[in-house]
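Presented below is the structure to which this report refers.
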Amino acid sequence: MAKLLDRLRQGYGRKLVMLHAWNGWIVVALAVTGLILLGGFWRGLLGEGRVWIKWIHTVVGLGSLVPVIYYLLLAGKHWKQLRGKPWQRFNVFAVLALLLGWLASGVLLWQFKAVGPQWSNAALTVHDLLTWIGLPYIIYHSITRTQWLKEPNRRTVSSGRQSASNDLHPAAMPEPFYTRRTFIRGSIAAGLAVLIGPSFLRWLGQSIGSSIGGNSLEKLIENDSNHMVPAPQPLAASSPPIGGGSTGQFRVYTVTPIPSFDNNNWSFTVDGLVEKKLRWTWDQFVKLKRTVQVSDFHCVTGWSVYHNTWEGIPLRTILAEAGVKAEAKYIKFYSGDGVYTDALSLEQVQEQMSDVLIAVMHDGKPIPSDLGGPVRLIVPAMYAYKSVKWLVRIELIADNHVGYWEQRGYSNDAWV
């Protein structure tokens, strides 16, 4: 083992420089793919490509462990050279903590089905927090470590290619406390703070708010683009919500621009392999008898919103009124955006029939357009891509339908 370590440590300085470069490109790849996965614009634009981006992000993230392990094999010698340089030692700890924290939380998100919503939800928060802290830190570190900003006397590792002039008695020429380099580095730090700070504070406020039962839901309701009259009136169990109010933050994802509806362009249809085709206008739909349920809402990307109080019409009530023909095996759901569809088998629905809801209210208020209102499907036992937003049609069919995200790699069986 000692001989192997000696061999690995040969050319130590050059290898550390190489690892630094590898790690930089890995962080760039993770940052770019991560921001694409987060952005709603890219979600709609990329379509199936988003699934490939997700796998690239996962593979690169797992690959980030390789340079970390390689560095740890070289760390003993490096640590000796950092003696008397506390800030450089702190930087080593900080970068390793960021990389290992990203890796651990990323693995939990990757294996969300195995670890369950509680762990994956916490992992997503940690992953986000490390990103908000780590990306600015690494950007700052990378820029200020470039040769034109780094004082010669602070270069611990040599790649073997620096000119001899870099080593001409640096200690004999001490620089003043306030130098051009100090000013530039301070300007870079201030620029990053101004650029990233407001977004970080907004994320922090949302995260803290969601942890104590509040979130941005009120703002989504204020910005609701739907104009449905009359507004549904909540049942006593919805106002105040018997679930006590949802806990967590909804993230708005959509594959199309968010549609808006009013009484003139909205209707609800049930057709296909049914005994009786059904169709309601909004005036008629809000008069249907509704029930209330409390359930958790889990997204396949790792976040959850707990203790939601949903109010709406049970799917079993709609199916019973329409009458399902014997040859019907699947239920296809259509979104009002004209693009998104999904399906459940009647067998799946039988397993959770009492929970599948055609919802019109959340926590005692109409569902806003950003969250899939005026009407959306709620399938609590499955991940949220099955809970079709802007629901306008239900069709009973004989053969299986492969939904939008299932065509792009998601599972037909989306059980939580």
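FYI, nothing fancy with the structure tokens labels: chains A, B, ... in order, residues from 1 per chain, ligands from 1 as they appear.
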
inquiry  = Residues within 7 Å of range 346-352 of chain A, please, as a VMD selection string. Count only C-alpha atoms; anything in the same chain fewer than 2 positions from it doesn't count.
reply    = chain A and resid 329 to 331 344 354 to 356

Could you write out the selected residues, including C-alpha atoms, as a compact mmCIF listing (two decimals), in the first residue's frame?
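Dumped everything to result29.txt:
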```txt
# COMPACT_ATOMS: atom_id res chain seq x y z
CA LYS A 329 -59.47 -0.80 -18.99
CA TYR A 330 -57.84 2.63 -18.64
CA ILE A 331 -58.74 6.21 -17.84
CA LEU A 344 -54.39 5.37 -14.86
CA SER A 354 -61.44 6.64 -2.40
CA ASP A 355 -58.47 9.03 -2.68
CA VAL A 356 -58.47 10.09 -6.35
```

- Who sits within 12 Å of Gly101 in chain A, only C-alpha atoms, same chain under 4 positions skipped, as an MDAnalysis selection string: chainID A and resid 61 64:65 93:97 105:108 123:131 133:134

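With only C-alpha atoms as the atoms that count, the minimum distance from Ser387 in chain A to the choices A:Leu357, A:Val416, A:Val402, A:Leu74 is reached by A:Leu357.
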
Discussion item. When you count only C-alpha atoms, which of these residues is closest to Asn265 in chain A: A:Ile69, A:Met228, A:Cys299, A:Leu37?
Written reply: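 The answer is A:Met228, which sits nearest to Asn265 in chain A.
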
Could you make a table, as a tab-separated table, of the residues of range 320-407 of chain A that have an atom within 9 Å of an atom of range 237-241 of chain A, each with its nearest atom pair and distance in Å to one decimal, counting only C-alpha atoms, in chain and number order?
```
residue	atom	partner	partner_atom	distance
A:Met361	CA	A:Ser238	CA	8.3
A:His362	CA	A:Ser238	CA	7.9
A:Asp363	CA	A:Pro241	CA	5.2
A:Gly364	CA	A:Ser238	CA	4.5
A:Lys365	CA	A:Ser238	CA	8.2
```

Output C-alpha atoms for every residue in that selection, as a short mmCIF file (atom, residue, chain, number, x, y, z; two decimals), in the first residue's frame.
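After the write, selection_24.cif holds the following:
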```cif
data_model
loop_
_atom_site.label_atom_id
_atom_site.label_comp_id
_atom_site.auth_asym_id
_atom_site.auth_seq_id
_atom_site.Cartn_x
_atom_site.Cartn_y
_atom_site.Cartn_z
CA MET A 361 -60.19 23.98 -3.96
CA HIS A 362 -57.01 23.86 -1.92
CA ASP A 363 -56.96 24.85 1.75
CA GLY A 364 -60.38 26.49 1.37
CA LYS A 365 -59.51 28.62 -1.69
#
```

In Å and to one decimal, CA of Asp224 in chain A is distant from CA of Arg393 in chain A by 21.4 Å

Best match for closeness to Leu217 in chain A among A:Gly24, A:Gly245, A:Pro314, A:Pro374, counting only C-alpha atoms =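 The answer is A:Gly245, which sits nearest to Leu217 in chain A.
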
For range 375-380 of chain A, find every residue with an atom within 9 Å (counting only C-alpha atoms), except residues of its own chain fewer than 6 positions away, and show them as a PDB file with N, CA, C and O atoms, in the first residue's frame.
```
ATOM      1  N   SER A 295     -54.232  15.248   2.287  1.00  0.00           N
ATOM      2  CA  SER A 295     -53.212  14.343   1.748  1.00  0.00           C
ATOM      3  C   SER A 295     -51.928  15.109   1.482  1.00  0.00           C
ATOM      4  O   SER A 295     -51.920  16.339   1.398  1.00  0.00           O
ATOM      5  N   ASP A 296     -50.849  14.356   1.364  1.00  0.00           N
ATOM      6  CA  ASP A 296     -49.548  14.937   1.020  1.00  0.00           C
ATOM      7  C   ASP A 296     -49.355  14.904  -0.488  1.00  0.00           C
ATOM      8  O   ASP A 296     -49.926  14.065  -1.194  1.00  0.00           O
ATOM      9  N   PHE A 297     -48.530  15.818  -0.970  1.00  0.00           N
ATOM     10  CA  PHE A 297     -48.308  16.003  -2.404  1.00  0.00           C
ATOM     11  C   PHE A 297     -46.818  15.854  -2.663  1.00  0.00           C
ATOM     12  O   PHE A 297     -46.024  16.649  -2.166  1.00  0.00           O
ATOM     13  N   HIS A 298     -46.441  14.818  -3.421  1.00  0.00           N
ATOM     14  CA  HIS A 298     -45.027  14.498  -3.617  1.00  0.00           C
ATOM     15  C   HIS A 298     -44.654  14.622  -5.086  1.00  0.00           C
ATOM     16  O   HIS A 298     -45.275  13.984  -5.943  1.00  0.00           O
ATOM     17  N   TRP A 310     -57.687  19.271   0.229  1.00  0.00           N
ATOM     18  CA  TRP A 310     -58.261  19.382  -1.113  1.00  0.00           C
ATOM     19  C   TRP A 310     -59.779  19.202  -1.038  1.00  0.00           C
ATOM     20  O   TRP A 310     -60.273  18.371  -0.262  1.00  0.00           O
ATOM     21  N   GLY A 312     -63.152  18.585  -3.647  1.00  0.00           N
ATOM     22  CA  GLY A 312     -63.558  18.332  -5.022  1.00  0.00           C
ATOM     23  C   GLY A 312     -64.484  17.141  -5.127  1.00  0.00           C
ATOM     24  O   GLY A 312     -65.044  16.665  -4.129  1.00  0.00           O
ATOM     25  N   LEU A 315     -63.325  10.826  -8.040  1.00  0.00           N
ATOM     26  CA  LEU A 315     -63.363  10.238  -9.376  1.00  0.00           C
ATOM     27  C   LEU A 315     -64.401   9.138  -9.451  1.00  0.00           C
ATOM     28  O   LEU A 315     -65.099   8.995 -10.470  1.00  0.00           O
ATOM     29  N   PHE A 333     -56.551  11.138 -18.992  1.00  0.00           N
ATOM     30  CA  PHE A 333     -56.847  12.478 -18.492  1.00  0.00           C
ATOM     31  C   PHE A 333     -56.201  13.517 -19.403  1.00  0.00           C
ATOM     32  O   PHE A 333     -55.030  13.389 -19.767  1.00  0.00           O
ATOM     33  N   SER A 335     -55.209  17.549 -20.156  1.00  0.00           N
ATOM     34  CA  SER A 335     -54.991  18.881 -19.613  1.00  0.00           C
ATOM     35  C   SER A 335     -55.534  19.929 -20.574  1.00  0.00           C
ATOM     36  O   SER A 335     -55.476  19.758 -21.807  1.00  0.00           O
ATOM     37  N   GLN A 352     -56.890   2.728  -5.073  1.00  0.00           N
ATOM     38  CA  GLN A 352     -56.900   3.997  -4.362  1.00  0.00           C
ATOM     39  C   GLN A 352     -58.150   4.813  -4.705  1.00  0.00           C
ATOM     40  O   GLN A 352     -58.129   6.040  -4.683  1.00  0.00           O
ATOM     41  N   ASP A 355     -59.363   7.880  -2.814  1.00  0.00           N
ATOM     42  CA  ASP A 355     -58.469   9.029  -2.676  1.00  0.00           C
ATOM     43  C   ASP A 355     -58.352   9.882  -3.932  1.00  0.00           C
ATOM     44  O   ASP A 355     -57.934  11.031  -3.842  1.00  0.00           O
ATOM     45  N   VAL A 356     -58.639   9.333  -5.108  1.00  0.00           N
ATOM     46  CA  VAL A 356     -58.468  10.085  -6.349  1.00  0.00           C
ATOM     47  C   VAL A 356     -59.569  11.136  -6.445  1.00  0.00           C
ATOM     48  O   VAL A 356     -60.751  10.824  -6.420  1.00  0.00           O
ATOM     49  N   LEU A 357     -59.141  12.386  -6.584  1.00  0.00           N
ATOM     50  CA  LEU A 357     -60.081  13.499  -6.471  1.00  0.00           C
ATOM     51  C   LEU A 357     -59.934  14.439  -7.662  1.00  0.00           C
ATOM     52  O   LEU A 357     -58.821  14.718  -8.119  1.00  0.00           O
ATOM     53  N   ILE A 358     -61.056  14.929  -8.149  1.00  0.00           N
ATOM     54  CA  ILE A 358     -61.064  16.002  -9.135  1.00  0.00           C
ATOM     55  C   ILE A 358     -61.265  17.287  -8.339  1.00  0.00           C
ATOM     56  O   ILE A 358     -62.369  17.653  -7.955  1.00  0.00           O
ATOM     57  N   ALA A 359     -60.154  17.962  -8.054  1.00  0.00           N
ATOM     58  CA  ALA A 359     -60.145  19.025  -7.048  1.00  0.00           C
ATOM     59  C   ALA A 359     -60.440  20.388  -7.657  1.00  0.00           C
ATOM     60  O   ALA A 359     -59.994  20.705  -8.769  1.00  0.00           O
ATOM     61  N   VAL A 360     -61.184  21.205  -6.890  1.00  0.00           N
ATOM     62  CA  VAL A 360     -61.466  22.588  -7.287  1.00  0.00           C
ATOM     63  C   VAL A 360     -61.014  23.587  -6.220  1.00  0.00           C
ATOM     64  O   VAL A 360     -61.006  24.801  -6.478  1.00  0.00           O
ATOM     65  N   MET A 361     -60.620  23.084  -5.035  1.00  0.00           N
ATOM     66  CA  MET A 361     -60.189  23.979  -3.964  1.00  0.00           C
ATOM     67  C   MET A 361     -59.005  23.375  -3.221  1.00  0.00           C
ATOM     68  O   MET A 361     -58.882  22.142  -3.108  1.00  0.00           O
ATOM     69  N   PRO A 366     -59.967  28.702  -4.086  1.00  0.00           N
ATOM     70  CA  PRO A 366     -59.875  28.162  -5.452  1.00  0.00           C
ATOM     71  C   PRO A 366     -58.433  27.897  -5.842  1.00  0.00           C
ATOM     72  O   PRO A 366     -57.514  28.633  -5.454  1.00  0.00           O
ATOM     73  N   ILE A 367     -58.202  26.843  -6.619  1.00  0.00           N
ATOM     74  CA  ILE A 367     -56.847  26.490  -7.052  1.00  0.00           C
ATOM     75  C   ILE A 367     -56.403  27.489  -8.114  1.00  0.00           C
ATOM     76  O   ILE A 367     -57.071  27.642  -9.145  1.00  0.00           O
ATOM     77  N   LYS A 386     -48.728  12.400 -12.218  1.00  0.00           N
ATOM     78  CA  LYS A 386     -50.002  11.733 -12.495  1.00  0.00           C
ATOM     79  C   LYS A 386     -51.196  12.636 -12.180  1.00  0.00           C
ATOM     80  O   LYS A 386     -52.302  12.380 -12.654  1.00  0.00           O
ATOM     81  N   SER A 387     -50.984  13.660 -11.370  1.00  0.00           N
ATOM     82  CA  SER A 387     -52.070  14.555 -10.964  1.00  0.00           C
ATOM     83  C   SER A 387     -52.204  15.679 -11.987  1.00  0.00           C
ATOM     84  O   SER A 387     -51.696  16.789 -11.784  1.00  0.00           O
ATOM     85  N   VAL A 388     -52.887  15.395 -13.082  1.00  0.00           N
ATOM     86  CA  VAL A 388     -52.922  16.277 -14.250  1.00  0.00           C
ATOM     87  C   VAL A 388     -53.512  17.641 -13.885  1.00  0.00           C
ATOM     88  O   VAL A 388     -54.581  17.735 -13.275  1.00  0.00           O
ATOM     89  N   LYS A 389     -52.799  18.694 -14.287  1.00  0.00           N
ATOM     90  CA  LYS A 389     -53.273  20.065 -14.051  1.00  0.00           C
ATOM     91  C   LYS A 389     -54.218  20.502 -15.165  1.00  0.00           C
ATOM     92  O   LYS A 389     -54.213  19.948 -16.261  1.00  0.00           O
ATOM     93  N   TRP A 390     -55.030  21.523 -14.859  1.00  0.00           N
ATOM     94  CA  TRP A 390     -55.973  22.123 -15.822  1.00  0.00           C
ATOM     95  C   TRP A 390     -56.858  21.052 -16.468  1.00  0.00           C
ATOM     96  O   TRP A 390     -57.100  21.047 -17.679  1.00  0.00           O
ATOM     97  N   LEU A 391     -57.332  20.137 -15.639  1.00  0.00           N
ATOM     98  CA  LEU A 391     -58.099  18.991 -16.134  1.00  0.00           C
ATOM     99  C   LEU A 391     -59.403  19.449 -16.787  1.00  0.00           C
ATOM    100  O   LEU A 391     -60.183  20.189 -16.188  1.00  0.00           O
ATOM    101  N   VAL A 392     -59.637  18.988 -18.028  1.00  0.00           N
ATOM    102  CA  VAL A 392     -60.865  19.364 -18.750  1.00  0.00           C
ATOM    103  C   VAL A 392     -61.595  18.161 -19.345  1.00  0.00           C
ATOM    104  O   VAL A 392     -62.742  18.293 -19.787  1.00  0.00           O
ATOM    105  N   VAL A 416     -45.810   6.311  -4.758  1.00  0.00           N
ATOM    106  CA  VAL A 416     -44.848   6.936  -3.854  1.00  0.00           C
ATOM    107  C   VAL A 416     -44.210   5.860  -2.992  1.00  0.00           C
ATOM    108  O   VAL A 416     -44.923   5.087  -2.372  1.00  0.00           O
TER     109      VAL A 416
END
```

Using backbone DSSP assignments, extract all helix (DSSP H, G or I) residues from range 266-366 of chain A; output them as a PDB file with all heavy atoms, in the first residue's frame.
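Below you can see selection_28.pdb, which holds the result:
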```pdb
ATOM      1  N   TRP A 282     -68.966  25.578 -16.332  1.00  0.00           N
ATOM      2  CA  TRP A 282     -68.486  25.921 -15.004  1.00  0.00           C
ATOM      3  C   TRP A 282     -69.645  26.136 -14.025  1.00  0.00           C
ATOM      4  O   TRP A 282     -69.591  25.675 -12.887  1.00  0.00           O
ATOM      5  CB  TRP A 282     -67.611  27.168 -15.056  1.00  0.00           C
ATOM      6  CG  TRP A 282     -67.142  27.609 -13.698  1.00  0.00           C
ATOM      7  CD1 TRP A 282     -67.589  28.672 -12.975  1.00  0.00           C
ATOM      8  CD2 TRP A 282     -66.159  26.963 -12.882  1.00  0.00           C
ATOM      9  NE1 TRP A 282     -66.937  28.761 -11.766  1.00  0.00           N
ATOM     10  CE2 TRP A 282     -66.045  27.709 -11.681  1.00  0.00           C
ATOM     11  CE3 TRP A 282     -65.343  25.835 -13.070  1.00  0.00           C
ATOM     12  CZ2 TRP A 282     -65.165  27.356 -10.672  1.00  0.00           C
ATOM     13  CZ3 TRP A 282     -64.474  25.486 -12.039  1.00  0.00           C
ATOM     14  CH2 TRP A 282     -64.389  26.239 -10.862  1.00  0.00           C
ATOM     15  N   ASP A 283     -70.692  26.809 -14.452  1.00  0.00           N
ATOM     16  CA  ASP A 283     -71.847  27.032 -13.569  1.00  0.00           C
ATOM     17  C   ASP A 283     -72.401  25.719 -13.046  1.00  0.00           C
ATOM     18  O   ASP A 283     -72.793  25.618 -11.867  1.00  0.00           O
ATOM     19  CB  ASP A 283     -72.954  27.782 -14.329  1.00  0.00           C
ATOM     20  CG  ASP A 283     -72.549  29.189 -14.699  1.00  0.00           C
ATOM     21  OD1 ASP A 283     -71.916  29.848 -13.868  1.00  0.00           O
ATOM     22  OD2 ASP A 283     -72.862  29.631 -15.815  1.00  0.00           O
ATOM     23  N   GLN A 284     -72.442  24.716 -13.923  1.00  0.00           N
ATOM     24  CA  GLN A 284     -72.979  23.414 -13.512  1.00  0.00           C
ATOM     25  C   GLN A 284     -71.972  22.652 -12.651  1.00  0.00           C
ATOM     26  O   GLN A 284     -72.348  21.986 -11.683  1.00  0.00           O
ATOM     27  CB  GLN A 284     -73.322  22.598 -14.760  1.00  0.00           C
ATOM     28  CG  GLN A 284     -74.419  23.210 -15.620  1.00  0.00           C
ATOM     29  CD  GLN A 284     -74.496  22.577 -16.995  1.00  0.00           C
ATOM     30  OE1 GLN A 284     -73.494  22.060 -17.516  1.00  0.00           O
ATOM     31  NE2 GLN A 284     -75.683  22.606 -17.608  1.00  0.00           N
ATOM     32  N   PHE A 285     -70.693  22.761 -12.994  1.00  0.00           N
ATOM     33  CA  PHE A 285     -69.674  21.969 -12.315  1.00  0.00           C
ATOM     34  C   PHE A 285     -69.530  22.365 -10.851  1.00  0.00           C
ATOM     35  O   PHE A 285     -69.372  21.503  -9.975  1.00  0.00           O
ATOM     36  CB  PHE A 285     -68.328  22.114 -13.036  1.00  0.00           C
ATOM     37  CG  PHE A 285     -67.311  21.082 -12.654  1.00  0.00           C
ATOM     38  CD1 PHE A 285     -67.346  19.819 -13.203  1.00  0.00           C
ATOM     39  CD2 PHE A 285     -66.316  21.364 -11.733  1.00  0.00           C
ATOM     40  CE1 PHE A 285     -66.420  18.851 -12.855  1.00  0.00           C
ATOM     41  CE2 PHE A 285     -65.378  20.424 -11.368  1.00  0.00           C
ATOM     42  CZ  PHE A 285     -65.427  19.149 -11.938  1.00  0.00           C
ATOM     43  N   LEU A 315     -63.325  10.826  -8.040  1.00  0.00           N
ATOM     44  CA  LEU A 315     -63.363  10.238  -9.376  1.00  0.00           C
ATOM     45  C   LEU A 315     -64.401   9.138  -9.451  1.00  0.00           C
ATOM     46  O   LEU A 315     -65.099   8.995 -10.470  1.00  0.00           O
ATOM     47  CB  LEU A 315     -61.974   9.691  -9.731  1.00  0.00           C
ATOM     48  CG  LEU A 315     -61.852   8.991 -11.085  1.00  0.00           C
ATOM     49  CD1 LEU A 315     -62.164   9.954 -12.222  1.00  0.00           C
ATOM     50  CD2 LEU A 315     -60.464   8.377 -11.255  1.00  0.00           C
ATOM     51  N   ARG A 316     -64.559   8.366  -8.398  1.00  0.00           N
ATOM     52  CA  ARG A 316     -65.523   7.260  -8.407  1.00  0.00           C
ATOM     53  C   ARG A 316     -66.947   7.774  -8.609  1.00  0.00           C
ATOM     54  O   ARG A 316     -67.769   7.100  -9.233  1.00  0.00           O
ATOM     55  CB  ARG A 316     -65.427   6.464  -7.109  1.00  0.00           C
ATOM     56  CG  ARG A 316     -65.715   7.265  -5.847  1.00  0.00           C
ATOM     57  CD  ARG A 316     -65.554   6.458  -4.598  1.00  0.00           C
ATOM     58  NE  ARG A 316     -65.722   7.276  -3.406  1.00  0.00           N
ATOM     59  CZ  ARG A 316     -65.580   6.839  -2.171  1.00  0.00           C
ATOM     60  NH1 ARG A 316     -65.252   5.565  -1.962  1.00  0.00           N
ATOM     61  NH2 ARG A 316     -65.742   7.638  -1.148  1.00  0.00           N
ATOM     62  N   THR A 317     -67.246   8.968  -8.103  1.00  0.00           N
ATOM     63  CA  THR A 317     -68.572   9.552  -8.296  1.00  0.00           C
ATOM     64  C   THR A 317     -68.818   9.867  -9.767  1.00  0.00           C
ATOM     65  O   THR A 317     -69.886   9.590 -10.315  1.00  0.00           O
ATOM     66  CB  THR A 317     -68.712  10.832  -7.451  1.00  0.00           C
ATOM     67  OG1 THR A 317     -68.505  10.512  -6.071  1.00  0.00           O
ATOM     68  CG2 THR A 317     -70.091  11.452  -7.630  1.00  0.00           C
ATOM     69  N   ILE A 318     -67.813  10.445 -10.422  1.00  0.00           N
ATOM     70  CA  ILE A 318     -67.923  10.781 -11.841  1.00  0.00           C
ATOM     71  C   ILE A 318     -68.086   9.514 -12.678  1.00  0.00           C
ATOM     72  O   ILE A 318     -68.932   9.438 -13.577  1.00  0.00           O
ATOM     73  CB  ILE A 318     -66.681  11.565 -12.298  1.00  0.00           C
ATOM     74  CG1 ILE A 318     -66.574  12.897 -11.551  1.00  0.00           C
ATOM     75  CG2 ILE A 318     -66.687  11.772 -13.806  1.00  0.00           C
ATOM     76  CD1 ILE A 318     -67.615  13.912 -11.912  1.00  0.00           C
ATOM     77  N   LEU A 319     -67.265   8.488 -12.380  1.00  0.00           N
ATOM     78  CA  LEU A 319     -67.335   7.246 -13.144  1.00  0.00           C
ATOM     79  C   LEU A 319     -68.666   6.537 -12.939  1.00  0.00           C
ATOM     80  O   LEU A 319     -69.223   5.963 -13.883  1.00  0.00           O
ATOM     81  CB  LEU A 319     -66.180   6.321 -12.753  1.00  0.00           C
ATOM     82  CG  LEU A 319     -64.766   6.829 -13.059  1.00  0.00           C
ATOM     83  CD1 LEU A 319     -63.727   5.786 -12.647  1.00  0.00           C
ATOM     84  CD2 LEU A 319     -64.607   7.185 -14.524  1.00  0.00           C
ATOM     85  N   ALA A 320     -69.168   6.571 -11.721  1.00  0.00           N
ATOM     86  CA  ALA A 320     -70.455   5.931 -11.452  1.00  0.00           C
ATOM     87  C   ALA A 320     -71.573   6.608 -12.227  1.00  0.00           C
ATOM     88  O   ALA A 320     -72.483   5.934 -12.750  1.00  0.00           O
ATOM     89  CB  ALA A 320     -70.741   5.959  -9.953  1.00  0.00           C
ATOM     90  N   GLU A 321     -71.538   7.929 -12.329  1.00  0.00           N
ATOM     91  CA  GLU A 321     -72.582   8.641 -13.062  1.00  0.00           C
ATOM     92  C   GLU A 321     -72.491   8.382 -14.557  1.00  0.00           C
ATOM     93  O   GLU A 321     -73.515   8.252 -15.239  1.00  0.00           O
ATOM     94  CB  GLU A 321     -72.491  10.138 -12.790  1.00  0.00           C
ATOM     95  CG  GLU A 321     -73.610  10.936 -13.443  1.00  0.00           C
ATOM     96  CD  GLU A 321     -73.667  12.371 -12.996  1.00  0.00           C
ATOM     97  OE1 GLU A 321     -72.993  12.713 -11.998  1.00  0.00           O
ATOM     98  OE2 GLU A 321     -74.384  13.161 -13.625  1.00  0.00           O
ATOM     99  N   ALA A 322     -71.267   8.279 -15.076  1.00  0.00           N
ATOM    100  CA  ALA A 322     -71.108   8.047 -16.511  1.00  0.00           C
ATOM    101  C   ALA A 322     -71.378   6.592 -16.883  1.00  0.00           C
ATOM    102  O   ALA A 322     -71.874   6.301 -17.982  1.00  0.00           O
ATOM    103  CB  ALA A 322     -69.701   8.432 -16.952  1.00  0.00           C
ATOM    104  N   LEU A 346     -57.739   1.094 -14.622  1.00  0.00           N
ATOM    105  CA  LEU A 346     -58.848   0.916 -13.678  1.00  0.00           C
ATOM    106  C   LEU A 346     -58.392   0.093 -12.478  1.00  0.00           C
ATOM    107  O   LEU A 346     -58.882   0.280 -11.358  1.00  0.00           O
ATOM    108  CB  LEU A 346     -60.027   0.246 -14.377  1.00  0.00           C
ATOM    109  CG  LEU A 346     -60.838   1.155 -15.306  1.00  0.00           C
ATOM    110  CD1 LEU A 346     -61.872   0.351 -16.074  1.00  0.00           C
ATOM    111  CD2 LEU A 346     -61.529   2.263 -14.512  1.00  0.00           C
ATOM    112  N   GLU A 347     -57.423  -0.812 -12.704  1.00  0.00           N
ATOM    113  CA  GLU A 347     -56.870  -1.590 -11.592  1.00  0.00           C
ATOM    114  C   GLU A 347     -56.151  -0.684 -10.601  1.00  0.00           C
ATOM    115  O   GLU A 347     -56.309  -0.828  -9.382  1.00  0.00           O
ATOM    116  CB  GLU A 347     -55.918  -2.645 -12.140  1.00  0.00           C
ATOM    117  CG  GLU A 347     -55.338  -3.558 -11.070  1.00  0.00           C
ATOM    118  CD  GLU A 347     -54.413  -4.615 -11.656  1.00  0.00           C
ATOM    119  OE1 GLU A 347     -54.350  -4.733 -12.892  1.00  0.00           O
ATOM    120  OE2 GLU A 347     -53.754  -5.316 -10.874  1.00  0.00           O
ATOM    121  N   GLN A 348     -55.350   0.266 -11.110  1.00  0.00           N
ATOM    122  CA  GLN A 348     -54.677   1.224 -10.229  1.00  0.00           C
ATOM    123  C   GLN A 348     -55.699   2.053  -9.459  1.00  0.00           C
ATOM    124  O   GLN A 348     -55.542   2.298  -8.260  1.00  0.00           O
ATOM    125  CB  GLN A 348     -53.773   2.140 -11.046  1.00  0.00           C
ATOM    126  CG  GLN A 348     -52.522   1.491 -11.574  1.00  0.00           C
ATOM    127  CD  GLN A 348     -51.751   2.423 -12.491  1.00  0.00           C
ATOM    128  OE1 GLN A 348     -52.333   3.247 -13.187  1.00  0.00           O
ATOM    129  NE2 GLN A 348     -50.432   2.290 -12.505  1.00  0.00           N
ATOM    130  N   VAL A 349     -56.714   2.490 -10.151  1.00  0.00           N
ATOM    131  CA  VAL A 349     -57.725   3.340  -9.519  1.00  0.00           C
ATOM    132  C   VAL A 349     -58.481   2.568  -8.442  1.00  0.00           C
ATOM    133  O   VAL A 349     -58.817   3.118  -7.391  1.00  0.00           O
ATOM    134  CB  VAL A 349     -58.686   3.892 -10.585  1.00  0.00           C
ATOM    135  CG1 VAL A 349     -59.881   4.576  -9.933  1.00  0.00           C
ATOM    136  CG2 VAL A 349     -57.959   4.872 -11.499  1.00  0.00           C
ATOM    137  N   GLN A 350     -58.744   1.286  -8.677  1.00  0.00           N
ATOM    138  CA  GLN A 350     -59.445   0.481  -7.678  1.00  0.00           C
ATOM    139  C   GLN A 350     -58.660   0.409  -6.379  1.00  0.00           C
ATOM    140  O   GLN A 350     -59.227   0.387  -5.287  1.00  0.00           O
ATOM    141  CB  GLN A 350     -59.694  -0.946  -8.217  1.00  0.00           C
ATOM    142  CG  GLN A 350     -60.717  -1.032  -9.330  1.00  0.00           C
ATOM    143  CD  GLN A 350     -62.123  -0.694  -8.860  1.00  0.00           C
ATOM    144  OE1 GLN A 350     -62.440  -0.768  -7.674  1.00  0.00           O
ATOM    145  NE2 GLN A 350     -62.978  -0.298  -9.803  1.00  0.00           N
ATOM    146  N   GLU A 351     -57.307   0.409  -6.492  1.00  0.00           N
ATOM    147  CA  GLU A 351     -56.465   0.326  -5.302  1.00  0.00           C
ATOM    148  C   GLU A 351     -56.535   1.595  -4.455  1.00  0.00           C
ATOM    149  O   GLU A 351     -56.252   1.568  -3.263  1.00  0.00           O
ATOM    150  CB  GLU A 351     -55.009   0.066  -5.708  1.00  0.00           C
ATOM    151  CG  GLU A 351     -54.772  -1.308  -6.305  1.00  0.00           C
ATOM    152  CD  GLU A 351     -53.304  -1.553  -6.589  1.00  0.00           C
ATOM    153  OE1 GLU A 351     -52.479  -1.185  -5.740  1.00  0.00           O
ATOM    154  OE2 GLU A 351     -52.987  -2.104  -7.656  1.00  0.00           O
TER     155      GLU A 351
END
```

Inset, instruction - Have a look at CA of Arg290 in chain A and CA of Ile313 in chain A and let me know their distance in Å, one decimal. - result: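 Those two atoms sit 4.7 Å apart.
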
List the neighbours of His57 in chain A out to 9 Å using only C-alpha atoms; skip same-chain residues closer than 2 positions along the sequence, and give me the result as number ranges by chain. A: 29-34, 37, 52-55, 59-62

Restricting to only C-alpha atoms, whichever of A:Thr309, A:Gln249, A:Thr254, A:Asn226 is closest to Tyr404 in chain A is A:Thr254

_For Asp370 in chain A, find every residue with an atom within 7 Å (counting only C-alpha atoms), except residues of its own chain fewer than 6 positions away, and show them as an MDAnalysis selection string._
chainID A and resid 220 252 258

- Task: Find the residues near Trp266 in chain A: any atom within 7 Å, counting only C-alpha atoms, skip ones fewer than 3 places away on the same chain, and give them as a list in words.
- Result: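 Contacts, with the query itself left out: Phe261, Asp262, Asn263, Thr281 and Trp282 of chain A.
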
Restricting it to N, CA and C atoms, dump the selection as a short mmCIF file (atom, residue, chain, number, x, y, z; two decimals), in the first residue's frame.
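Output file out39.cif follows:
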```cif
data_model
loop_
_atom_site.label_atom_id
_atom_site.label_comp_id
_atom_site.auth_asym_id
_atom_site.auth_seq_id
_atom_site.Cartn_x
_atom_site.Cartn_y
_atom_site.Cartn_z
N PHE A 261 -58.34 30.45 -18.07
CA PHE A 261 -59.70 30.05 -18.43
C PHE A 261 -60.71 31.04 -17.86
N ASP A 262 -61.86 31.08 -18.52
CA ASP A 262 -63.02 31.78 -18.00
C ASP A 262 -64.26 30.95 -18.35
N ASN A 263 -65.43 31.46 -18.03
CA ASN A 263 -66.65 30.69 -18.26
C ASN A 263 -66.89 30.37 -19.73
N THR A 281 -70.74 22.81 -17.88
CA THR A 281 -70.17 24.15 -17.90
C THR A 281 -69.68 24.45 -16.49
N TRP A 282 -68.97 25.58 -16.33
CA TRP A 282 -68.49 25.92 -15.00
C TRP A 282 -69.64 26.14 -14.03
#
```
